[in-house]
file data-v9.txt (compact mmCIF, C-alpha atoms)
# COMPACT_ATOMS: atom_id res chain seq x y z
CA MET B 1 30.11 47.31 74.48
CA ARG B 2 27.17 45.03 73.62
CA ASP B 3 26.28 42.64 70.82
CA GLN B 4 22.99 42.55 68.92
CA PHE B 5 21.42 40.57 71.74
CA GLY B 6 22.37 43.06 74.41
CA ASN B 7 25.13 40.94 75.89
CA GLY B 8 28.34 42.53 77.07
CA VAL B 9 31.35 42.03 74.80
CA ALA B 10 34.79 41.79 76.32
CA GLY B 11 38.06 42.64 74.62
CA ASP B 12 36.91 45.43 72.30
CA THR B 13 39.27 48.38 72.07
CA VAL B 14 37.84 51.89 72.19
CA LYS B 15 40.03 54.81 71.15
CA PHE B 16 39.86 58.16 72.92
CA SER B 17 41.07 61.57 71.80
CA VAL B 18 40.83 65.14 73.04
CA VAL B 19 38.95 67.18 70.44
CA ASP B 20 38.68 70.61 72.07
CA GLY B 21 40.22 72.40 75.03
CA GLY B 22 43.84 71.31 74.86
CA GLY B 23 43.76 68.73 77.63
CA PHE B 24 45.31 65.27 77.62
CA LEU B 25 44.57 61.64 78.45
CA ALA B 26 46.39 59.13 80.61
CA ALA B 27 46.07 56.62 77.74
CA PRO B 28 44.76 56.77 74.14
CA MET B 29 42.56 53.67 74.39
CA ALA B 30 40.78 51.28 76.75
CA VAL B 31 39.52 47.69 76.46
CA SER B 32 36.03 46.54 77.45
CA ASN B 33 35.73 44.16 80.41
CA ALA B 34 33.62 41.01 80.75
CA SER B 35 30.41 43.01 81.16
CA GLY B 36 31.22 45.18 78.14
CA SER B 37 32.02 48.26 80.19
CA VAL B 38 34.86 50.57 79.22
CA THR B 39 36.60 52.82 81.72
CA VAL B 40 37.54 56.15 80.19
CA PRO B 41 41.25 56.94 80.74
CA ALA B 42 41.88 59.77 83.16
CA TRP B 43 41.13 63.01 81.33
CA THR B 44 42.91 66.19 82.37
CA VAL B 45 41.11 69.15 80.87
CA GLY B 46 42.98 72.09 79.36
CA ARG B 47 44.01 75.14 81.36
CA SER B 48 41.84 77.71 79.58
CA ALA B 49 38.18 78.52 80.24
CA VAL B 50 36.98 77.16 76.89
CA PRO B 51 34.73 74.20 75.99
CA GLN B 52 36.42 70.86 76.63
CA ARG B 53 35.50 67.83 74.50
CA LEU B 54 36.61 64.19 74.50
CA ARG B 55 35.75 61.72 71.73
CA ALA B 56 35.40 57.93 72.00
CA SER B 57 35.69 55.94 68.75
CA PHE B 58 34.94 52.30 67.93
CA GLY B 59 35.12 51.65 64.22
CA SER B 60 32.83 54.18 62.57
CA VAL B 61 30.89 54.86 65.77
CA THR B 62 31.83 57.91 67.83
CA ALA B 63 30.54 59.52 70.99
CA ASP B 64 31.57 62.85 72.52
CA PHE B 65 31.86 63.84 76.17
CA THR B 66 31.98 67.48 77.25
CA ALA B 67 33.26 69.30 80.29
CA GLY B 68 34.01 72.86 81.29
CA ILE B 69 36.07 74.95 83.68
CA ALA B 70 33.85 76.56 86.29
CA SER B 71 34.68 80.26 86.45
CA SER B 72 32.56 83.16 87.63
CA TYR B 73 35.10 85.78 86.56
CA THR B 74 33.88 87.52 83.42
CA MET B 75 36.43 88.89 80.96
CA ASP B 76 34.86 90.95 78.18
CA VAL B 77 37.38 91.86 75.46
CA ARG B 78 36.11 94.58 73.13
CA PHE B 79 37.96 95.74 70.05
CA PHE B 80 38.21 99.32 68.89
CA GLY B 81 40.09 101.32 66.30
CA ALA B 82 41.31 99.79 63.05
CA PRO B 83 39.71 96.44 62.17
CA MET B 84 41.56 93.31 63.27
CA THR B 85 41.66 90.00 61.47
CA GLU B 86 39.83 87.10 63.07
CA ALA B 87 43.20 85.46 63.75
CA GLN B 88 44.38 88.55 65.63
CA LYS B 89 41.18 88.73 67.66
CA ALA B 90 41.60 85.07 68.57
CA LEU B 91 44.93 85.81 70.26
CA PHE B 92 43.20 88.21 72.65
CA THR B 93 40.30 85.87 73.36
CA ASN B 94 42.77 83.00 73.90
CA ALA B 95 44.60 85.11 76.48
CA ALA B 96 41.34 85.97 78.25
CA ALA B 97 40.34 82.30 78.32
CA ARG B 98 43.68 81.33 79.87
CA ILE B 99 43.26 83.91 82.65
CA GLY B 100 39.65 82.80 83.14
CA GLY B 101 40.98 79.31 83.71
CA PHE B 102 42.75 80.32 86.92
CA ILE B 103 40.80 83.36 88.14
CA THR B 104 37.61 81.48 88.91
CA GLY B 105 35.75 83.52 91.52
CA GLY B 106 33.55 86.45 90.69
CA VAL B 107 34.17 90.01 91.83
CA LEU B 108 31.63 92.56 93.00
CA PRO B 109 29.72 93.98 90.02
CA ALA B 110 30.45 97.62 89.28
CA THR B 111 27.69 99.81 87.90
CA VAL B 112 29.03 102.61 85.72
CA ALA B 113 27.18 105.53 84.16
CA ASN B 114 28.61 107.58 81.29
CA LEU B 115 32.09 106.31 82.11
CA ASP B 116 34.53 108.19 79.87
CA VAL B 117 36.72 105.49 78.36
CA ASP B 118 37.75 107.72 75.47
CA ASN B 119 39.71 110.07 77.72
CA GLY B 120 40.05 107.87 80.80
CA CYS B 121 41.44 104.86 78.94
CA GLY B 122 42.60 106.30 75.66
CA ALA B 123 40.03 104.16 73.84
CA LYS B 124 39.49 106.73 71.13
CA GLY B 125 36.07 106.74 69.52
CA VAL B 126 34.48 104.46 72.12
CA ALA B 127 31.24 105.82 73.56
CA PRO B 128 30.88 106.31 77.33
CA LEU B 129 29.90 103.14 79.20
CA THR B 130 26.60 102.82 81.03
CA GLU B 131 26.25 99.26 82.26
CA THR B 132 27.01 96.84 85.06
CA VAL B 133 30.46 95.28 84.73
CA ASP B 134 30.43 91.85 86.37
CA GLY B 135 34.17 91.26 86.00
CA ILE B 136 36.41 93.28 83.71
CA VAL B 137 36.07 95.03 80.36
CA ILE B 138 39.26 95.24 78.29
CA PHE B 139 39.44 97.49 75.25
CA ALA B 140 41.98 96.16 72.77
CA SER B 141 43.28 97.66 69.58
CA ILE B 142 46.07 97.58 67.04
CA GLN B 143 47.25 101.09 66.23
CA ASN B 144 50.15 102.97 64.74
CA ILE B 145 51.89 103.99 67.97
CA ASP B 146 55.33 105.08 66.79
CA GLY B 147 56.31 103.03 63.75
CA PRO B 148 58.61 99.98 63.65
CA GLY B 149 60.59 99.29 66.80
CA LYS B 150 60.51 101.37 69.97
CA ILE B 151 57.09 101.03 71.66
CA LEU B 152 55.44 97.70 70.81
CA ALA B 153 52.57 97.80 73.30
CA GLN B 154 50.91 99.75 76.07
CA SER B 155 48.42 98.39 78.57
CA GLY B 156 47.01 98.62 82.06
CA PRO B 157 43.93 99.33 84.15
CA CYS B 158 42.18 102.68 83.87
CA TYR B 159 39.21 102.30 86.26
CA VAL B 160 39.24 100.22 89.45
CA ARG B 161 36.81 99.35 92.22
CA SER B 162 37.31 101.73 95.12
CA GLY B 163 36.88 99.00 97.74
CA ASN B 164 39.31 96.28 96.66
CA ARG B 165 41.12 98.22 93.92
CA LEU B 166 40.49 95.49 91.33
CA THR B 167 40.21 96.49 87.68
CA ILE B 168 36.85 97.37 86.15
CA VAL B 169 38.06 98.67 82.78
CA GLY B 170 41.47 98.44 81.15
CA VAL B 171 43.10 98.96 77.79
CA MET B 172 45.63 97.16 75.57
CA GLU B 173 47.19 98.69 72.48
CA PHE B 174 49.71 97.11 70.12
CA ASP B 175 51.73 98.87 67.46
CA SER B 176 50.62 97.73 64.00
CA SER B 177 54.15 98.28 62.70
CA ASP B 178 55.58 95.62 65.02
CA LEU B 179 53.02 92.82 64.73
CA ALA B 180 54.81 91.06 61.89
CA SER B 181 58.08 90.76 63.81
CA LEU B 182 56.29 89.53 66.94
CA THR B 183 54.40 86.97 64.88
CA THR B 184 57.54 85.80 63.09
CA SER B 185 59.39 85.35 66.39
CA GLY B 186 56.49 83.29 67.78
CA SER B 187 56.15 85.68 70.71
CA LEU B 188 52.86 87.45 70.01
CA GLN B 189 50.53 85.17 71.99
CA ASP B 190 52.77 85.27 75.06
CA VAL B 191 53.17 89.04 74.79
CA ILE B 192 49.39 89.52 74.64
CA GLN B 193 48.97 87.19 77.63
CA HIS B 194 51.62 89.14 79.54
CA GLU B 195 50.00 92.50 78.74
CA MET B 196 46.53 91.28 79.69
CA LEU B 197 47.79 90.19 83.10
CA HIS B 198 49.06 93.74 83.61
CA VAL B 199 45.52 94.98 82.85
CA VAL B 200 44.05 92.58 85.41
CA GLY B 201 46.53 93.85 87.98
CA LEU B 202 49.87 92.08 88.07
CA GLY B 203 52.55 94.74 88.43
CA SER B 204 50.17 97.58 87.63
CA LEU B 205 48.22 97.35 90.92
CA TRP B 206 51.17 96.53 93.18
CA ASN B 207 51.62 98.85 96.14
CA ALA B 208 52.85 98.79 99.73
CA PRO B 209 52.66 96.91 101.99
CA LEU B 210 52.61 93.87 99.67
CA LEU B 211 55.28 95.48 97.51
CA ALA B 212 58.16 96.14 99.89
CA ASN B 213 61.26 98.26 99.29
CA ARG B 214 60.03 99.86 96.08
CA ASN B 215 62.85 101.33 93.96
CA LEU B 216 65.48 99.53 96.04
CA ALA B 217 67.69 96.61 95.07
CA THR B 218 65.85 94.52 97.67
CA VAL B 219 62.33 95.12 96.29
CA THR B 220 60.12 92.11 96.98
CA TRP B 221 56.52 90.91 96.85
CA THR B 222 55.51 89.89 100.37
CA GLY B 223 52.08 88.40 99.66
CA ALA B 224 51.63 84.98 101.23
CA GLY B 225 50.21 83.56 97.99
CA GLY B 226 53.14 84.66 95.86
CA ILE B 227 55.64 83.31 98.37
CA ALA B 228 53.81 79.97 98.53
CA GLY B 229 53.67 79.78 94.74
CA CYS B 230 57.39 80.43 94.47
CA THR B 231 58.11 77.79 97.10
CA PHE B 232 55.90 75.28 95.29
CA HIS B 233 58.13 75.56 92.23
CA GLY B 234 61.32 74.96 94.19
CA GLY B 235 62.10 78.53 95.16
CA SER B 236 62.15 78.24 98.95
CA GLY B 237 65.77 79.33 98.98
CA VAL B 238 65.02 82.64 97.25
CA CYS B 239 61.49 83.49 98.40
CA GLY B 240 61.58 82.96 102.15
CA GLY B 241 61.55 86.67 102.90
CA GLY B 242 59.53 87.69 99.86
CA VAL B 243 59.44 87.09 96.12
CA PRO B 244 62.25 88.94 94.31
CA VAL B 245 60.80 91.68 92.10
CA GLU B 246 62.65 93.22 89.16
CA ASN B 247 65.07 95.91 90.37
CA THR B 248 66.60 96.92 87.03
CA GLY B 249 65.39 98.29 83.74
CA GLY B 250 63.89 101.54 84.94
CA ALA B 251 60.27 102.51 85.52
CA GLY B 252 57.81 100.01 84.10
CA THR B 253 60.24 97.11 84.32
CA ALA B 254 61.39 97.62 87.90
CA ASN B 255 58.76 97.14 90.63
CA ALA B 256 56.30 95.58 88.15
CA HIS B 257 57.64 92.12 87.21
CA TRP B 258 59.24 89.06 88.77
CA ARG B 259 63.00 89.36 88.82
CA GLU B 260 64.62 88.12 85.62
CA THR B 261 67.81 86.90 87.27
CA THR B 262 65.79 84.67 89.59
CA PHE B 263 62.86 83.43 87.50
CA THR B 264 64.27 83.62 83.92
CA ASN B 265 61.51 82.31 81.61
CA GLU B 266 58.44 82.69 83.86
CA LEU B 267 55.81 84.57 81.85
CA MET B 268 55.69 87.66 84.08
CA THR B 269 59.37 88.51 84.34
CA GLY B 270 60.39 91.68 82.53
CA PHE B 271 61.83 89.58 79.70
CA LEU B 272 60.24 86.90 77.55
CA ASN B 273 62.00 83.77 76.32
CA ARG B 274 61.49 82.73 72.76
CA GLY B 275 60.18 79.31 73.52
CA ASN B 276 58.44 78.14 76.65
CA ASN B 277 57.20 80.95 78.93
CA PRO B 278 55.21 79.18 81.64
CA LEU B 279 52.50 80.76 83.74
CA SER B 280 53.40 79.49 87.19
CA GLN B 281 51.75 79.19 90.58
CA LEU B 282 53.84 82.20 91.56
CA THR B 283 51.85 84.40 89.20
CA ILE B 284 48.53 82.68 89.88
CA ARG B 285 48.76 82.84 93.66
CA SER B 286 50.03 86.42 93.62
CA MET B 287 46.70 87.33 92.02
CA ALA B 288 45.03 85.90 95.11
CA ASP B 289 47.13 88.33 97.15
CA LEU B 290 45.44 91.14 95.20
CA GLY B 291 42.01 89.78 96.10
CA TYR B 292 41.09 87.43 93.26
CA ASN B 293 39.79 83.91 93.86
CA VAL B 294 42.04 81.53 91.95
CA ASN B 295 42.44 77.90 90.97
CA MET B 296 45.95 77.11 92.17
CA ALA B 297 46.08 73.90 90.12
CA ASP B 298 45.86 75.70 86.76
CA PHE B 299 49.60 76.31 86.40
CA ASP B 300 52.09 75.40 83.69
CA ASP B 301 55.11 73.22 84.43
CA TYR B 302 57.89 75.39 85.82
CA THR B 303 60.88 75.15 88.15
CA VAL B 304 62.74 78.05 89.72
CA PRO B 305 66.31 77.77 88.36
CA LEU B 306 68.93 76.70 90.87
CA THR B 307 71.53 79.03 89.38
CA PRO B 308 70.60 82.71 88.95
CA LEU B 309 70.95 84.19 85.47
CA SER B 310 73.70 86.75 84.98
CA ILE B 311 71.87 89.86 83.88
CA SER B 312 75.15 91.32 82.63
CA ALA B 313 75.60 88.33 80.35
CA SER B 314 72.04 88.77 79.11
CA ARG B 315 72.54 92.48 78.49
CA ALA B 316 75.78 91.79 76.60
CA SER B 317 73.89 89.73 74.04
CA THR B 318 72.18 90.90 70.88
CA ILE B 319 69.11 93.10 70.72
CA VAL B 320 66.31 91.45 68.77
CA GLY B 321 63.75 93.33 66.71
CA ILE B 322 64.02 96.59 68.62
CA VAL B 323 66.14 99.72 68.76
CA PRO B 324 68.74 99.42 71.58
CA ASN B 325 68.10 101.51 74.69
CA GLU B 326 64.57 102.46 73.62
CA GLU B 327 61.48 101.79 75.71
CA TRP B 328 59.30 99.14 74.12
CA GLU B 329 56.26 98.88 76.41
CA HIS B 330 54.16 101.40 78.32
CA VAL B 331 52.56 100.02 81.49
CA PHE B 332 49.69 102.09 82.87
CA THR B 333 50.22 101.83 86.62
CA LEU B 334 48.04 102.57 89.63
CA ALA B 335 48.23 106.11 90.95
CA GLU B 336 48.96 106.49 94.64
CA VAL B 337 45.79 108.61 94.98
CA PRO B 338 43.31 107.76 92.20
CA THR B 339 40.44 110.16 91.55
CA SER B 340 36.77 109.31 92.03
CA ALA B 341 34.82 108.46 88.87
CA GLY B 342 31.50 107.72 90.53
CA PRO B 343 30.16 105.64 93.42
CA GLY B 344 32.57 102.78 94.09
CA ILE B 345 34.76 103.65 91.09
CA GLU B 346 38.19 105.25 90.89
CA ARG B 347 40.04 106.44 87.84
CA VAL B 348 43.64 105.36 87.68
CA ARG B 349 46.05 108.07 86.58
CA MET B 350 47.54 106.48 83.47
CA GLN B 351 51.27 106.64 84.01
CA ARG B 352 52.97 105.60 80.78
CA THR B 353 56.13 104.02 82.11
CA PRO B 354 58.89 102.55 79.93
CA MET B 355 60.27 99.05 79.98
CA ALA B 356 63.63 97.69 78.96
CA PRO B 357 64.45 96.85 75.33
CA VAL B 358 63.96 93.40 73.89
CA GLU B 359 67.12 91.39 74.37
CA SER B 360 68.42 87.94 73.44
CA ASN B 361 70.97 85.75 75.19
CA ALA B 362 72.24 82.32 74.22
CA ALA B 363 68.76 81.01 74.94
CA SER B 364 67.17 83.66 72.70
CA LYS B 365 65.86 85.95 75.41
CA SER B 366 63.51 88.82 74.61
CA ALA B 367 61.32 91.15 76.65
CA PRO B 368 57.54 91.70 76.80

call {"tool": "encode", "arguments": {"input": "data-v9.txt", "output": "structure tokens"}}
result
Amino acid sequence: MRDQFGNGVAGDTVKFSVVDGGGFLAAPMAVSNASGSVTVPAWTVGRSAVPQRLRASFGSVTADFTAGIASSYTMDVRFFGAPMTEAQKALFTNAAARIGGFITGGVLPATVANLDVDNGCGAKGVAPLTETVDGIVIFASIQNIDGPGKILAQSGPCYVRSGNRLTIVGVMEFDSSDLASLTTSGSLQDVIQHEMLHVVGLGSLWNAPLLANRNLATVTWTGAGGIAGCTFHGGSGVCGGGVPVENTGGAGTANAHWRETTFTNELMTGFLNRGNNPLSQLTIRSMADLGYNVNMADFDDYTVPLTPLSISASRASTIVGIVPNEEWEHVFTLAEVPTSAGPGIERVRMQRTPMAPVESNAASKSAP
């Protein structure tokens, strides 16, 4: 801060505010020192790979500072089918930006020629792809799947890299008849985030040896990253021999999510809380187990509960916005022996597997 003669002015208060990106400041203002200098309060940028902007204000004078999250992982969300509103599209791009905030390293580009995404992914009406995919292409749509209730969404990878088995192309579809109820409940953004993580690979690309004891009550994720992430959040007592994976709910719930009775409201359990559904280091570091380069610091606040949830108590509670005992999500999972779709590319056999119904306990539990 300087006067008209260029001399430093002490004692002036400058206000600071986060304008874009969703980050936060250690303090909302700072005072100039004897030389007129002002130290900007510590600025923690938001967790999504979107432009970050901080504004300094003194009277009518403002100045903006910008920052960004360095990520080489490219997520290209393309919409097909019936037109979406801009607000609906934003939910998908928000989810991609959040994932781009913690998957920061690039993957090997995949060159595809006449890749049949109409039949291979169910992206009806989309022309074959001929391009180089630097990261991942996700085709997203809102369609009439089966009317109100029952199946709300279906998603997963459909083409993967043959070397590291990481997704090249995936698909997400949401039932147009159920969007209003998801929006009203406040769950739609979290559900889209959850589904997109299945497309990238969580649950859908899990296989032995990292997934141990598939279809057994003792099914666990044995990746070192997942175990370390669980331990970081206070779960050393439950994750020492592996991260508990869902062992109930049938195909699509079991073997493909973190265990509900252990992790309750973590985003990637088979059930979604109405309220806070944090994306933890457990999920982030398990993606490193699959082969992604991640930013381990980009997690939401979360603590593994000390007391396991009683699944029987949860199941005894009311069903919310869904027909009881009906599948509500189809997860397209990795085939044991995918078929070749060109050099370095494998087509995933799209197994439409059911998940458990949406439920609610005293804390208003529901399922993604």

call {"tool": "atom_distance", "arguments": {"input": "data-v9.txt", "atom1": "atom CA of Pro128 of chain B", "atom2": "atom CA of Ala153 of chain B"}}
result
23.6 Å

call {"tool": "atom_distance", "arguments": {"input": "data-v9.txt", "atom1": "atom CA of Leu202 of chain B", "atom2": "atom CA of Gly226 of chain B"}}
result
11.2 Å

call {"tool": "residues_around", "arguments": {"input": "data-v9.txt", "residues": "Thr307 of chain B", "least_positions_apart": "2", "cutoff": "9 Å", "atoms": "only C-alpha atoms", "output": "JSON, numbers by chain"}}
result
{"B": [261, 262, 304, 305, 309]}

call {"tool": "residues_around", "arguments": {"input": "data-v9.txt", "residues": "Trp258 of chain B", "least_positions_apart": "6", "cutoff": "9 Å", "atoms": "all atoms listed in the file", "output": "number ranges by chain"}}
result
B: 203, 220-221, 243-246, 264, 266-270, 283

call {"tool": "closest_residue", "arguments": {"input": "data-v9.txt", "among": "B:Val31, B:Ala110, B:Gly81, B:Val61", "to": "Gly125 of chain B", "atoms": "only C-alpha atoms"}}
result
B:Gly81

call {"tool": "residues_around", "arguments": {"input": "data-v9.txt", "residues": "Gly147 of chain B", "least_positions_apart": "4", "cutoff": "8 Å", "atoms": "all atoms listed in the file", "output": "short mmCIF file (atom, residue, chain, number, x, y, z; two decimals) with C-alpha atoms, keeping the file's coordinate frame"}}
result
data_model
loop_
_atom_site.label_atom_id
_atom_site.label_comp_id
_atom_site.auth_asym_id
_atom_site.auth_seq_id
_atom_site.Cartn_x
_atom_site.Cartn_y
_atom_site.Cartn_z
CA ASP B 175 51.73 98.87 67.46
CA SER B 176 50.62 97.73 64.00
CA SER B 177 54.15 98.28 62.70
CA ASP B 178 55.58 95.62 65.02
#

call {"tool": "residues_near_point", "arguments": {"input": "data-v9.txt", "point": "(37.5, 49.7, 75.1)", "cutoff": "8 Å", "atoms": "all atoms listed in the file", "output": "PyMOL selection string"}}
result
chain B and resi 1+11-15+29-33+37-39

call {"tool": "write_last_selection", "arguments": {"input": "data-v9.txt", "atoms": "C-alpha atoms", "output": "CSV table (one decimal), in the coordinates of the input"}}
result
chain,number,residue,atom,x,y,z
B,1,MET,CA,30.1,47.3,74.5
B,11,GLY,CA,38.1,42.6,74.6
B,12,ASP,CA,36.9,45.4,72.3
B,13,THR,CA,39.3,48.4,72.1
B,14,VAL,CA,37.8,51.9,72.2
B,15,LYS,CA,40.0,54.8,71.2
B,29,MET,CA,42.6,53.7,74.4
B,30,ALA,CA,40.8,51.3,76.8
B,31,VAL,CA,39.5,47.7,76.5
B,32,SER,CA,36.0,46.5,77.4
B,33,ASN,CA,35.7,44.2,80.4
B,37,SER,CA,32.0,48.3,80.2
B,38,VAL,CA,34.9,50.6,79.2
B,39,THR,CA,36.6,52.8,81.7

call {"tool": "decode", "arguments": {"input": "data-v9.txt", "residues": "segment 170-190 of chain B", "atoms": "N, CA and C atoms", "output": "short mmCIF file (atom, residue, chain, number, x, y, z; two decimals), in the first residue's frame"}}
result
data_model
loop_
_atom_site.label_atom_id
_atom_site.label_comp_id
_atom_site.auth_asym_id
_atom_site.auth_seq_id
_atom_site.Cartn_x
_atom_site.Cartn_y
_atom_site.Cartn_z
N GLY B 170 -15.88 -44.91 -21.81
CA GLY B 170 -16.92 -45.42 -20.93
C GLY B 170 -18.24 -44.73 -21.19
N VAL B 171 -19.27 -45.18 -20.50
CA VAL B 171 -20.60 -44.64 -20.73
C VAL B 171 -21.34 -44.48 -19.41
N MET B 172 -22.18 -43.44 -19.33
CA MET B 172 -23.05 -43.19 -18.19
C MET B 172 -24.43 -42.86 -18.72
N GLU B 173 -25.43 -43.54 -18.20
CA GLU B 173 -26.81 -43.26 -18.60
C GLU B 173 -27.66 -43.12 -17.35
N PHE B 174 -28.53 -42.11 -17.34
CA PHE B 174 -29.43 -41.87 -16.22
C PHE B 174 -30.87 -41.87 -16.73
N ASP B 175 -31.75 -42.44 -15.93
CA ASP B 175 -33.15 -42.54 -16.32
C ASP B 175 -33.83 -41.18 -16.16
N SER B 176 -34.37 -40.67 -17.26
CA SER B 176 -35.03 -39.36 -17.23
C SER B 176 -36.20 -39.32 -16.27
N SER B 177 -36.82 -40.47 -16.03
CA SER B 177 -37.99 -40.52 -15.15
C SER B 177 -37.63 -40.36 -13.68
N ASP B 178 -36.34 -40.50 -13.35
CA ASP B 178 -35.94 -40.47 -11.94
C ASP B 178 -35.12 -39.23 -11.57
N LEU B 179 -34.85 -38.36 -12.55
CA LEU B 179 -34.00 -37.21 -12.26
C LEU B 179 -34.64 -36.27 -11.24
N ALA B 180 -35.94 -36.07 -11.35
CA ALA B 180 -36.60 -35.13 -10.44
C ALA B 180 -36.46 -35.57 -8.99
N SER B 181 -36.64 -36.87 -8.72
CA SER B 181 -36.55 -37.34 -7.34
C SER B 181 -35.12 -37.25 -6.83
N LEU B 182 -34.14 -37.54 -7.70
CA LEU B 182 -32.75 -37.42 -7.28
C LEU B 182 -32.39 -35.96 -7.00
N THR B 183 -32.91 -35.06 -7.82
CA THR B 183 -32.64 -33.64 -7.61
C THR B 183 -33.28 -33.15 -6.33
N THR B 184 -34.52 -33.55 -6.10
CA THR B 184 -35.24 -33.13 -4.89
C THR B 184 -34.54 -33.61 -3.63
N SER B 185 -34.01 -34.83 -3.67
CA SER B 185 -33.34 -35.38 -2.49
C SER B 185 -31.96 -34.78 -2.28
N GLY B 186 -31.46 -34.02 -3.26
CA GLY B 186 -30.12 -33.44 -3.15
C GLY B 186 -29.01 -34.42 -3.43
N SER B 187 -29.34 -35.56 -4.04
CA SER B 187 -28.37 -36.63 -4.23
C SER B 187 -27.75 -36.68 -5.61
N LEU B 188 -28.28 -35.93 -6.58
CA LEU B 188 -27.90 -36.15 -7.97
C LEU B 188 -26.42 -35.92 -8.23
N GLN B 189 -25.84 -34.84 -7.68
CA GLN B 189 -24.41 -34.60 -7.94
C GLN B 189 -23.55 -35.73 -7.39
N ASP B 190 -23.84 -36.21 -6.19
CA ASP B 190 -23.06 -37.30 -5.61
C ASP B 190 -23.25 -38.59 -6.40
#
